[in-house]
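Structure file work-v7.cif; described as mmCIF, C-alpha atoms.
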```cif
data_final
#
loop_
_atom_site.label_atom_id
_atom_site.label_comp_id
_atom_site.auth_asym_id
_atom_site.auth_seq_id
_atom_site.Cartn_x
_atom_site.Cartn_y
_atom_site.Cartn_z
CA MET A 1 14.98 -2.35 26.12
CA SER A 2 16.79 -4.10 28.92
CA HIS A 3 16.15 -7.51 30.46
CA ARG A 4 13.89 -5.91 33.06
CA HIS A 5 11.39 -5.24 30.29
CA LEU A 6 11.24 -8.79 28.96
CA PHE A 7 7.93 -9.47 30.69
CA LEU A 8 6.58 -6.00 30.01
CA GLN A 9 3.47 -6.30 27.88
CA SER A 10 3.26 -4.20 24.72
CA GLY A 11 0.24 -2.40 23.38
CA PHE A 12 -1.37 0.85 22.40
CA ILE A 13 -2.28 3.75 24.65
CA LYS A 14 -5.98 4.07 25.45
CA THR A 15 -8.47 5.81 27.67
CA ASN A 16 -11.42 4.54 29.66
CA LEU A 17 -14.52 5.17 27.53
CA GLN A 18 -13.29 8.61 26.47
CA ASN A 19 -12.94 9.66 30.09
CA GLY A 20 -13.05 13.42 30.36
CA VAL A 21 -15.21 14.13 27.32
CA GLY A 22 -18.30 14.90 29.44
CA ARG A 23 -16.86 15.06 32.93
CA PHE A 24 -13.76 13.54 34.39
CA VAL A 25 -14.24 10.44 36.51
CA ASN A 26 -11.34 9.61 38.74
CA GLN A 27 -10.49 5.99 38.06
CA LEU A 28 -9.15 5.34 41.55
CA GLN A 29 -12.06 3.84 43.49
CA ARG A 30 -10.47 2.65 46.66
CA ILE A 31 -7.11 3.03 48.37
CA ASN A 32 -6.00 0.70 51.17
CA LEU A 33 -3.17 1.77 53.45
CA ILE A 34 -1.74 -1.24 55.26
CA PHE A 35 0.64 -0.38 58.10
CA CYS A 36 1.89 -1.45 61.47
CA LYS A 37 1.12 0.62 64.55
CA SER A 38 4.45 -0.05 66.19
CA SER A 39 7.19 -0.79 63.63
CA GLY A 40 9.65 1.87 62.52
CA SER A 41 9.24 1.19 58.80
CA SER A 42 5.60 2.38 59.02
CA LYS A 43 6.50 5.62 60.73
CA GLY A 44 6.06 7.79 57.66
CA VAL A 45 2.71 6.25 56.83
CA ARG A 46 1.50 6.76 60.41
CA GLU A 47 2.54 10.40 60.30
CA PHE A 48 0.75 10.82 56.98
CA ILE A 49 -2.42 9.32 58.43
CA GLU A 50 -2.26 11.61 61.45
CA THR A 51 -1.74 14.82 59.51
CA ASP A 52 -2.74 14.61 55.79
CA LEU A 53 -5.13 11.74 55.28
CA VAL A 54 -8.34 13.55 56.16
CA ASP A 55 -7.49 16.34 53.77
CA PHE A 56 -6.84 13.79 51.04
CA ALA A 57 -10.19 12.07 51.66
CA ARG A 58 -12.07 15.40 51.65
CA ALA A 59 -10.37 16.46 48.41
CA ASN A 60 -11.31 13.15 46.69
CA PRO A 61 -14.91 12.30 47.51
CA GLY A 62 -14.96 9.66 44.71
CA THR A 63 -12.28 7.59 46.41
CA VAL A 64 -12.83 5.34 49.41
CA VAL A 65 -9.93 5.28 51.88
CA TYR A 66 -9.40 2.17 53.96
CA LEU A 67 -6.87 1.90 56.77
CA LYS A 68 -5.76 -1.56 57.74
CA PRO A 69 -3.40 -1.85 60.74
CA ARG A 70 -1.53 -5.15 60.73
CA ARG A 71 0.86 -6.12 63.47
CA HIS A 72 4.55 -6.52 62.61
CA ARG A 73 4.16 -6.56 58.87
CA GLY A 74 5.59 -4.48 56.08
CA THR A 75 3.62 -1.44 55.03
CA TYR A 76 2.15 -0.92 51.57
CA MET A 77 -0.68 0.79 49.74
CA CYS A 78 -3.13 -1.03 47.49
CA ALA A 79 -5.09 0.95 44.90
CA GLU A 80 -8.22 -0.45 43.24
CA TYR A 81 -9.38 1.05 39.95
CA LEU A 82 -12.69 1.23 38.14
CA ASN A 83 -11.60 -1.31 35.52
CA GLY A 84 -10.85 -3.89 38.20
CA HIS A 85 -7.11 -3.50 38.14
CA LYS A 86 -5.16 -3.47 41.41
CA ASP A 87 -1.84 -1.78 42.01
CA TYR A 88 0.50 -2.10 44.97
CA ILE A 89 3.34 0.04 46.27
CA THR A 90 5.53 -1.01 49.17
CA CYS A 91 5.97 1.93 51.54
CA ASN A 92 8.62 0.66 53.94
CA ASN A 93 10.72 3.49 55.40
CA PHE A 94 8.86 6.13 53.39
CA THR A 95 8.77 9.62 54.79
CA ARG A 96 5.46 11.38 55.18
CA ASP A 97 6.16 13.44 52.09
CA GLU A 98 6.98 10.38 49.98
CA VAL A 99 3.74 8.73 51.01
CA ARG A 100 1.84 11.82 49.92
CA LYS A 101 3.59 11.85 46.54
CA TRP A 102 3.01 8.19 45.80
CA LEU A 103 -0.62 8.52 46.83
CA GLU A 104 -1.02 11.32 44.29
CA TYR A 105 0.63 9.08 41.73
CA MET A 106 -1.84 6.26 42.43
CA LYS A 107 -4.73 8.71 42.32
CA ASN A 108 -3.86 10.03 38.87
CA LYS A 109 -3.37 6.66 37.14
CA SER A 110 -5.92 5.37 34.66
CA GLY A 111 -5.84 1.86 36.05
CA PHE A 112 -4.34 0.25 32.99
CA PRO A 113 -1.14 -1.67 33.65
CA ILE A 114 2.07 -0.01 32.48
CA ILE A 115 2.95 -1.27 29.01
CA ARG A 116 5.57 -0.72 26.37
CA LEU A 117 3.99 1.47 23.72
CA ARG A 118 4.29 0.04 20.23
CA LYS A 119 3.51 3.36 18.62
CA HIS A 120 4.17 6.71 20.22
CA TRP A 121 1.02 8.26 18.87
CA HIS A 122 -2.64 7.73 19.54
CA THR A 123 -5.95 9.19 18.56
CA ASP A 124 -9.50 8.08 19.20
CA HIS A 125 -10.58 9.68 15.91
CA PRO A 126 -8.02 8.60 13.28
CA SER A 127 -9.42 10.77 10.50
CA ILE A 128 -12.42 12.96 9.79
CA GLN A 129 -12.61 11.43 6.30
CA GLY A 130 -12.65 7.93 7.75
CA ILE A 131 -10.14 5.13 7.65
CA TRP A 132 -8.37 4.49 4.33
CA ASN A 133 -9.55 1.48 2.39
CA PRO A 134 -8.53 0.16 -1.02
CA PHE A 135 -11.41 1.99 -2.71
CA THR A 136 -10.51 5.43 -1.33
CA HIS A 137 -9.77 7.95 -4.12
CA LYS A 138 -10.85 5.49 -6.82
CA PRO A 139 -13.15 6.89 -9.51
CA SER A 140 -16.70 5.67 -9.01
CA TYR A 141 -17.20 4.69 -12.67
CA LEU A 142 -15.03 1.63 -12.01
CA ASN A 143 -18.02 0.12 -10.19
CA VAL A 144 -20.09 -0.07 -13.37
CA THR A 145 -17.43 -0.57 -16.03
CA THR A 146 -16.47 -3.83 -17.67
CA PHE A 147 -12.86 -4.88 -17.88
CA PRO A 148 -10.54 -4.74 -19.73
CA GLU A 149 -11.02 -1.03 -20.19
CA LYS A 150 -8.51 0.62 -22.50
CA GLU A 151 -8.55 4.14 -21.13
CA ARG A 152 -7.81 3.05 -17.57
CA SER A 153 -5.14 0.61 -18.69
CA GLU A 154 -3.08 2.50 -21.23
CA TYR A 155 -0.03 4.60 -20.53
CA GLN A 156 -0.71 8.32 -20.60
CA PRO A 157 2.37 10.29 -21.62
CA LEU A 158 2.97 13.81 -20.35
CA MET A 159 3.72 15.15 -23.83
CA PRO A 160 2.12 14.24 -27.17
CA SER A 161 4.31 12.14 -29.44
CA ALA A 162 5.99 13.54 -32.56
CA THR A 163 3.30 12.02 -34.78
CA GLU A 164 0.54 13.58 -32.68
CA GLN A 165 2.28 16.95 -32.74
CA LEU A 166 2.57 16.72 -36.52
CA LEU A 167 -1.15 15.94 -36.79
CA GLN A 168 -1.96 18.88 -34.50
CA ILE A 169 0.11 21.26 -36.65
CA ALA A 170 -1.54 19.91 -39.79
CA GLU A 171 -4.94 20.52 -38.27
CA GLN A 172 -4.03 24.07 -37.28
CA VAL A 173 -2.74 24.86 -40.77
CA GLY A 174 -5.85 23.33 -42.29
CA PHE A 175 -4.01 20.57 -44.08
CA LEU A 176 -6.43 17.83 -43.11
CA ASP A 177 -9.59 19.59 -44.33
CA ASN A 178 -8.16 20.35 -47.76
CA SER A 179 -6.44 16.99 -48.11
CA ASN A 180 -8.36 16.07 -51.25
CA THR A 181 -7.61 19.35 -52.97
CA ASN A 182 -3.98 19.11 -51.86
CA ASN A 183 -3.71 15.72 -53.48
CA THR A 184 -4.91 17.18 -56.73
CA THR A 185 -2.40 20.02 -56.51
CA THR A 186 0.45 17.63 -55.81
CA THR A 187 -0.50 15.60 -58.86
CA THR A 188 -0.39 18.74 -60.94
CA ARG A 189 3.01 19.53 -59.48
CA ASN A 190 4.25 16.10 -60.42
CA THR A 191 3.19 16.62 -63.98
CA GLU A 192 5.29 19.75 -64.03
CA ASN A 193 8.30 17.64 -62.95
CA ILE A 194 9.41 20.10 -60.29
CA PRO A 195 10.99 18.58 -57.17
CA PRO A 196 8.30 18.97 -54.44
CA PRO A 197 10.51 20.13 -51.49
CA LEU A 198 11.84 23.01 -53.56
CA ASN A 199 8.34 23.84 -54.62
CA MET A 200 7.23 24.00 -50.96
CA SER A 201 10.11 26.29 -49.99
CA ASP A 202 9.36 28.54 -52.97
CA GLU A 203 5.78 28.92 -51.80
CA LYS A 204 6.96 30.10 -48.38
CA MET B 1 -7.92 -4.27 28.71
CA ASN B 2 -9.24 -5.50 25.38
CA ARG B 3 -12.74 -4.46 24.47
CA PRO B 4 -14.54 -5.99 21.49
CA ILE B 5 -14.71 -3.46 18.65
CA SER B 6 -18.07 -2.34 17.37
CA THR B 7 -19.74 -4.01 14.40
CA TYR B 8 -19.22 -0.94 12.21
CA LYS B 9 -15.53 -0.70 13.01
CA ARG B 10 -15.10 -4.40 12.39
CA VAL B 11 -16.52 -4.09 8.88
CA GLN B 12 -14.35 -1.03 8.29
CA GLN B 13 -11.32 -3.08 9.23
CA TRP B 14 -12.32 -5.82 6.79
CA ALA B 15 -12.50 -3.17 4.09
CA VAL B 16 -9.07 -1.80 4.93
CA PHE B 17 -7.39 -5.19 4.69
CA GLY B 18 -9.42 -6.42 1.71
CA ARG B 19 -7.44 -7.69 -1.26
CA LEU B 20 -8.05 -6.10 -4.64
CA TRP B 21 -7.65 -7.78 -8.01
CA PHE B 22 -5.79 -5.79 -10.64
CA LEU B 23 -5.72 -6.41 -14.36
CA PHE B 24 -2.50 -5.74 -16.26
CA ASP B 25 -2.25 -5.76 -20.05
CA ALA B 26 1.29 -6.91 -20.95
CA LYS B 27 0.93 -6.08 -24.61
CA TRP B 28 4.10 -4.32 -25.85
CA GLN B 29 5.39 -3.98 -22.29
CA ASN B 30 8.93 -4.61 -21.13
CA PRO B 31 8.53 -7.68 -18.86
CA PHE B 32 11.43 -6.70 -16.57
CA ASP B 33 10.11 -3.21 -15.89
CA SER B 34 6.57 -4.57 -15.54
CA ALA B 35 7.78 -7.24 -13.10
CA GLU B 36 9.08 -4.55 -10.73
CA LYS B 37 5.69 -2.91 -10.67
CA ILE B 38 3.75 -6.17 -10.42
CA ALA B 39 5.94 -7.33 -7.52
CA LYS B 40 5.19 -4.07 -5.73
CA TYR B 41 1.46 -4.75 -6.01
CA LEU B 42 1.82 -8.40 -5.00
CA ALA B 43 3.60 -7.32 -1.81
CA GLY B 44 1.10 -4.54 -1.09
CA LYS B 45 3.76 -1.83 -1.18
CA HIS B 46 1.45 0.51 -3.08
CA LYS B 47 -0.81 0.83 -0.04
CA PRO B 48 -0.45 3.44 2.72
CA ILE B 49 -1.08 0.72 5.34
CA TYR B 50 1.84 -1.41 4.13
CA HIS B 51 3.87 -3.09 6.84
CA PRO B 52 6.23 -6.03 6.30
CA LEU B 53 4.55 -8.03 9.06
CA SER B 54 1.01 -7.61 7.74
CA ASP B 55 -0.07 -9.62 4.71
CA VAL B 56 -1.71 -6.96 2.53
CA GLY B 57 -0.69 -7.92 -1.03
CA ASP B 58 -3.11 -7.71 -3.92
CA HIS B 59 -3.84 -10.10 -6.77
CA VAL B 60 -2.61 -9.28 -10.26
CA VAL B 61 -4.07 -10.86 -13.38
CA VAL B 62 -1.80 -10.37 -16.41
CA ILE B 63 -3.21 -10.77 -19.91
CA ASN B 64 -1.55 -10.82 -23.33
CA THR B 65 1.79 -12.15 -22.10
CA LYS B 66 2.41 -13.52 -25.59
CA ASP B 67 2.80 -9.91 -26.79
CA ILE B 68 5.53 -8.80 -24.37
CA ALA B 69 8.33 -6.73 -25.88
CA LEU B 70 11.89 -7.44 -24.78
CA PRO B 71 14.34 -4.57 -25.22
CA ASN B 72 17.23 -4.60 -27.69
CA LYS B 73 18.52 -8.07 -28.52
CA GLU B 74 17.20 -9.68 -25.34
CA TRP B 75 15.12 -12.25 -27.18
CA ARG B 76 18.29 -13.74 -28.56
CA TYR B 77 20.88 -13.05 -25.87
CA ARG B 78 18.97 -13.44 -22.57
CA MET B 79 19.76 -16.96 -21.38
CA TYR B 80 17.90 -19.02 -18.81
CA TYR B 81 20.23 -21.46 -17.11
CA HIS B 82 19.27 -24.85 -15.74
CA HIS B 83 21.29 -27.75 -14.40
CA THR B 84 19.82 -31.19 -14.02
CA GLY B 85 22.34 -32.18 -11.35
CA PHE B 86 23.93 -34.87 -13.46
CA ALA B 87 27.30 -34.54 -15.14
CA GLY B 88 27.04 -32.48 -18.28
CA GLY B 89 23.49 -31.58 -17.33
CA SER B 90 23.73 -27.83 -17.77
CA SER B 91 21.56 -26.17 -20.34
CA TRP B 92 20.98 -22.63 -21.54
CA THR B 93 17.68 -21.64 -23.04
CA SER B 94 17.35 -18.33 -24.83
CA ALA B 95 14.37 -16.11 -24.18
CA TRP B 96 12.75 -16.71 -27.57
CA GLU B 97 12.99 -20.49 -27.09
CA LEU B 98 11.44 -20.25 -23.64
CA HIS B 99 8.71 -18.02 -25.02
CA ASN B 100 7.96 -20.57 -27.71
CA LYS B 101 7.59 -23.29 -25.08
CA ASP B 102 5.43 -21.28 -22.67
CA GLN B 103 4.24 -17.78 -23.48
CA THR B 104 3.88 -16.84 -19.81
CA LYS B 105 7.25 -18.10 -18.63
CA VAL B 106 9.46 -15.07 -19.34
CA LEU B 107 7.21 -12.77 -17.35
CA TRP B 108 6.77 -15.37 -14.62
CA LYS B 109 10.51 -15.63 -14.14
CA ALA B 110 10.92 -11.85 -14.21
CA VAL B 111 8.29 -11.40 -11.47
CA TYR B 112 9.75 -14.28 -9.47
CA LYS B 113 13.10 -12.52 -9.48
CA ALA B 114 11.55 -9.13 -8.68
CA CYS B 115 9.72 -10.55 -5.65
CA GLY B 116 13.04 -10.84 -3.82
CA GLY B 117 14.50 -13.70 -1.86
CA SER B 118 12.27 -13.65 1.21
CA LEU B 119 10.03 -16.47 2.42
CA LEU B 120 7.00 -14.44 1.37
CA ARG B 121 7.89 -14.94 -2.30
CA HIS B 122 5.86 -18.09 -2.84
CA ASN B 123 2.74 -16.59 -1.31
CA MET B 124 3.21 -13.53 -3.48
CA MET B 125 3.62 -15.63 -6.62
CA GLU B 126 0.39 -17.45 -5.83
CA ARG B 127 -1.40 -14.12 -6.19
CA LEU B 128 -0.08 -13.72 -9.73
CA HIS B 129 -2.24 -15.05 -12.55
CA LEU B 130 -0.73 -15.10 -16.04
CA PHE B 131 -2.61 -15.62 -19.29
CA PRO B 132 -1.04 -15.69 -22.78
CA ASP B 133 -4.04 -13.99 -24.41
CA ASP B 134 -6.96 -11.89 -23.23
CA LYS B 135 -9.18 -14.86 -22.38
CA ILE B 136 -9.65 -15.03 -18.62
CA PRO B 137 -11.86 -17.49 -16.73
CA GLN B 138 -15.15 -15.90 -15.72
CA GLU B 139 -14.58 -16.45 -11.98
CA LEU B 140 -11.37 -14.41 -12.11
CA MET B 141 -12.97 -11.71 -14.23
CA GLU B 142 -15.66 -11.18 -11.60
CA ASN B 143 -13.04 -10.30 -8.98
CA ILE B 144 -11.28 -7.64 -11.00
CA SER B 145 -11.95 -4.11 -9.81
CA ASP B 146 -9.20 -2.00 -11.37
CA HIS B 147 -6.40 -1.79 -13.91
CA MET B 148 -2.70 -1.45 -13.33
CA LYS B 149 -1.47 1.25 -15.66
CA GLN B 150 0.79 0.15 -18.50
CA LEU B 151 4.35 1.43 -18.36
CA ARG B 152 4.78 2.41 -22.00
CA PRO B 153 2.53 3.30 -24.93
CA VAL B 154 1.35 0.54 -27.22
CA PRO B 155 2.50 1.43 -30.75
CA LYS B 156 -0.07 1.29 -33.51
CA ALA B 157 0.97 -0.84 -36.48
CA LEU B 158 0.42 0.31 -40.04
CA HIS B 159 -2.17 -2.40 -40.72
CA GLU B 160 -4.24 -1.15 -37.78
CA TYR B 161 -4.92 2.17 -39.50
CA THR B 162 -7.91 2.28 -41.81
CA GLU B 163 -7.52 2.99 -45.52
CA GLU B 164 -9.07 6.40 -45.00
CA GLU B 165 -6.70 7.39 -42.20
CA ILE B 166 -3.67 6.49 -44.27
CA LYS B 167 -5.02 8.41 -47.24
CA ASN B 168 -5.76 11.55 -45.19
CA PHE B 169 -2.52 11.53 -43.23
CA PRO B 170 -0.77 14.88 -43.84
CA LYS B 171 2.19 14.68 -46.18
CA VAL B 172 4.90 17.28 -46.46
CA PHE B 173 5.53 16.32 -50.08
CA GLU B 174 4.62 13.65 -52.59
CA TRP B 175 7.21 11.40 -54.17
CA PRO B 176 7.45 11.74 -57.94
CA GLU B 177 5.77 8.88 -59.75
CA ASP B 178 9.00 7.75 -61.36
CA TYR B 179 10.94 7.83 -58.07
CA VAL B 180 12.15 4.38 -57.01
CA LEU B 181 11.85 3.92 -53.23
CA ASN B 182 13.45 0.51 -52.96
#
```
Could you express the structure from this file as structure tokens?
Amino acid sequence: MSHRHLFLQSGFIKTNLQNGVGRFVNQLQRINLIFCKSSGSSKGVREFIETDLVDFARANPGTVVYLKPRRHRGTYMCAEYLNGHKDYITCNNFTRDEVRKWLEYMKNKSGFPIIRLRKHWHTDHPSIQGIWNPFTHKPSYLNVTTFPEKERSEYQPLMPSATEQLLQIAEQVGFLDNSNTNNTTTTTRNTENIPPPLNMSDEK
Amino acid sequence: MNRPISTYKRVQQWAVFGRLWFLFDAKWQNPFDSAEKIAKYLAGKHKPIYHPLSDVGDHVVVINTKDIALPNKEWRYRMYYHHTGFAGGSSWTSAWELHNKDQTKVLWKAVYKACGGSLLRHNMMERLHLFPDDKIPQELMENISDHMKQLRPVPKALHEYTEEEIKNFPKVFEWPEDYVLN
């Protein structure tokens, strides 16, 4: 961004009331061509008026064309848009072709002043799901729960801990159901005075 | 050209920039790891709309700060330095001493450090509410709408198991009656 852009306003790109959704409305409402009948700098504009202007007016019935001859002044075009914005282009020493090009340029503008875009993307419909808010993707039971709530708070590990794995194995083997009977067997083993780990390995 | 936004969109925008209140249970949590996460929430960095120029941080209410768990020997060897400005005015306070004085101070200092050195730090710290136990004023409790997940599991102490659970816990073998454990 150079010093020329210091006074350039910044903003976001936008359209006029979704122009073009139903039908396109050309935003250029009126174009004034100010020129001198005698000076050389208006020569191109005068040639344009003589040859192309009527075609332009026929092709754009929504645009009013005003011609304003002013003696011994510089020549310029003034475009007025539907949103009330006015735009000027000085046309001194323009050729006929240049005048035609700049007129097309004025015709195709939306009427908003040229701004520095803060973001290079734009959409009128940000998301079909709606705008994100802090409650998006939150489980709905949080609305009726009372805090503190242990299940929501506690850390959930990916794998069960060693103790939990041991309990799972014990449950699969059926250790937990027969715990009372096991206790009795162990007591009997103790009376026999056999070291228990050896006893277990012998059983396997 | 600026057009006023519609009533519906205005309310939507309020919702997007609304501040949430999170509850964090510091029981058995490492305060230095927790501080990193809490600071992230205080700054609003957990949100998809985060931008450093927009003030979108959330509130965090921390309970049970008296039960924080410092790693290794940090209780003894983590020192908090202070200098009064006078000659010989330097002092070092260990973490356990600080914790005895104020049970929220260790976590407060950890979060203060994790918030970074920017000018936003004081505003972020104002959104942090620390409580040594699980008693929170009613007006804060009404605001809370979600939990921050804990960073590590809370171990279950032996006295928290019931008599029945201990009795039915699977044993690989039984010690002999005449075996001396200690």
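Applying a distance limit of 6 Å to all atoms listed in the file, the residues of chain B near chain A read B:Ala15, B:Val16, B:His147, B:Lys149, B:Gln150, B:Leu151, B:Arg152, B:Pro153, B:Phe173, B:Pro176.
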Decode the PyMOL selection byres ((chain B and resi 31) around 7) for the given file into explicit residues and return them as a short mmCIF file (atom, residue, chain, number, x, y, z; two decimals) with C-alpha atoms, in the frame of the given file.
```
data_model
loop_
_atom_site.label_atom_id
_atom_site.label_comp_id
_atom_site.auth_asym_id
_atom_site.auth_seq_id
_atom_site.Cartn_x
_atom_site.Cartn_y
_atom_site.Cartn_z
CA GLN B 29 5.39 -3.98 -22.29
CA ASN B 30 8.93 -4.61 -21.13
CA PHE B 32 11.43 -6.70 -16.57
CA ASP B 33 10.11 -3.21 -15.89
CA SER B 34 6.57 -4.57 -15.54
CA ALA B 35 7.78 -7.24 -13.10
CA ILE B 68 5.53 -8.80 -24.37
CA LEU B 70 11.89 -7.44 -24.78
CA LEU B 107 7.21 -12.77 -17.35
CA ALA B 110 10.92 -11.85 -14.21
#
```
If the PyMOL selection byres ((chain B and resi 108) around 10) is run on the structure shown, which residues does it catch, given as a PyMOL selection string? chain B and resi 31+35+65+103-107+109-114+125+128-130
Residues returned when the PyMOL selection byres ((chain B and resi 17) around 12) runs on this file, as an MDAnalysis selection string: (chainID A and resid 131:135) or (chainID B and resid 10:16 18:20 44 47:51 54:58)
Selected residue of minimal separation from A:Ile89 among A:Ile115, A:Met159, A:Arg70, A:Ile34, counting only C-alpha atoms: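 Once distances to A:Ile89 are computed over only C-alpha atoms, the minimum belongs to A:Ile34.
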Residues at most 9 Å from B:Tyr80, counting all atoms listed in the file, excluding those fewer than 5 positions away in the same chain, as a ChimeraX atom specification? /B:91-95,98
Quick one: residues within 7 Å of A:Ser10, only C-alpha atoms counted, chain neighbours fewer than 2 positions away excluded, as JSON, numbers by chain? {"A": [8, 115, 116, 117, 118]}
Quick one: stretch 93-117 of chain B with N, CA and C atoms, as a short mmCIF file (atom, residue, chain, number, x, y, z; two decimals), in the first residue's frame?
```cif
data_model
loop_
_atom_site.label_atom_id
_atom_site.label_comp_id
_atom_site.auth_asym_id
_atom_site.auth_seq_id
_atom_site.Cartn_x
_atom_site.Cartn_y
_atom_site.Cartn_z
N THR B 93 10.00 -17.68 48.06
CA THR B 93 8.97 -18.47 48.73
C THR B 93 8.77 -19.75 47.94
N SER B 94 8.83 -20.87 48.60
CA SER B 94 8.61 -22.13 47.88
C SER B 94 7.12 -22.34 47.64
N ALA B 95 6.83 -23.23 46.71
CA ALA B 95 5.44 -23.41 46.28
C ALA B 95 4.56 -23.87 47.43
N TRP B 96 5.07 -24.75 48.28
CA TRP B 96 4.22 -25.26 49.37
C TRP B 96 3.92 -24.16 50.39
N GLU B 97 4.92 -23.23 50.58
CA GLU B 97 4.66 -22.12 51.51
C GLU B 97 3.59 -21.19 50.94
N LEU B 98 3.73 -20.90 49.65
CA LEU B 98 2.75 -20.03 48.99
C LEU B 98 1.36 -20.65 49.05
N HIS B 99 1.32 -21.97 48.84
CA HIS B 99 0.04 -22.67 48.85
C HIS B 99 -0.59 -22.63 50.24
N ASN B 100 0.26 -22.67 51.27
CA ASN B 100 -0.27 -22.57 52.62
C ASN B 100 -0.86 -21.19 52.89
N LYS B 101 -0.23 -20.16 52.31
CA LYS B 101 -0.72 -18.80 52.54
C LYS B 101 -2.02 -18.55 51.79
N ASP B 102 -2.04 -18.93 50.50
CA ASP B 102 -3.24 -18.73 49.68
C ASP B 102 -3.36 -19.92 48.74
N GLN B 103 -4.45 -20.64 48.85
CA GLN B 103 -4.57 -21.89 48.09
C GLN B 103 -4.90 -21.68 46.62
N THR B 104 -5.12 -20.42 46.23
CA THR B 104 -5.37 -20.15 44.81
C THR B 104 -4.16 -19.52 44.12
N LYS B 105 -3.12 -19.23 44.90
CA LYS B 105 -2.06 -18.36 44.37
C LYS B 105 -1.17 -19.05 43.34
N VAL B 106 -0.89 -20.33 43.54
CA VAL B 106 0.01 -21.04 42.61
C VAL B 106 -0.62 -21.08 41.22
N LEU B 107 -1.90 -21.40 41.17
CA LEU B 107 -2.58 -21.47 39.88
C LEU B 107 -2.73 -20.07 39.28
N TRP B 108 -2.99 -19.09 40.15
CA TRP B 108 -3.13 -17.72 39.65
C TRP B 108 -1.86 -17.27 38.96
N LYS B 109 -0.72 -17.55 39.60
CA LYS B 109 0.56 -17.12 39.03
C LYS B 109 0.85 -17.90 37.74
N ALA B 110 0.48 -19.16 37.71
CA ALA B 110 0.71 -19.98 36.51
C ALA B 110 -0.10 -19.43 35.34
N VAL B 111 -1.36 -19.07 35.59
CA VAL B 111 -2.20 -18.53 34.52
C VAL B 111 -1.69 -17.15 34.09
N TYR B 112 -1.28 -16.36 35.08
CA TYR B 112 -0.77 -15.02 34.78
C TYR B 112 0.43 -15.09 33.84
N LYS B 113 1.28 -16.09 34.07
CA LYS B 113 2.44 -16.28 33.21
C LYS B 113 2.01 -16.79 31.83
N ALA B 114 1.03 -17.68 31.82
CA ALA B 114 0.60 -18.29 30.55
C ALA B 114 -0.15 -17.30 29.66
N CYS B 115 -0.68 -16.23 30.27
CA CYS B 115 -1.44 -15.24 29.49
C CYS B 115 -0.53 -14.41 28.58
N GLY B 116 0.78 -14.48 28.79
CA GLY B 116 1.69 -13.74 27.94
C GLY B 116 1.88 -12.31 28.41
N GLY B 117 2.76 -11.59 27.73
CA GLY B 117 3.13 -10.27 28.22
C GLY B 117 2.39 -9.12 27.59
#
```
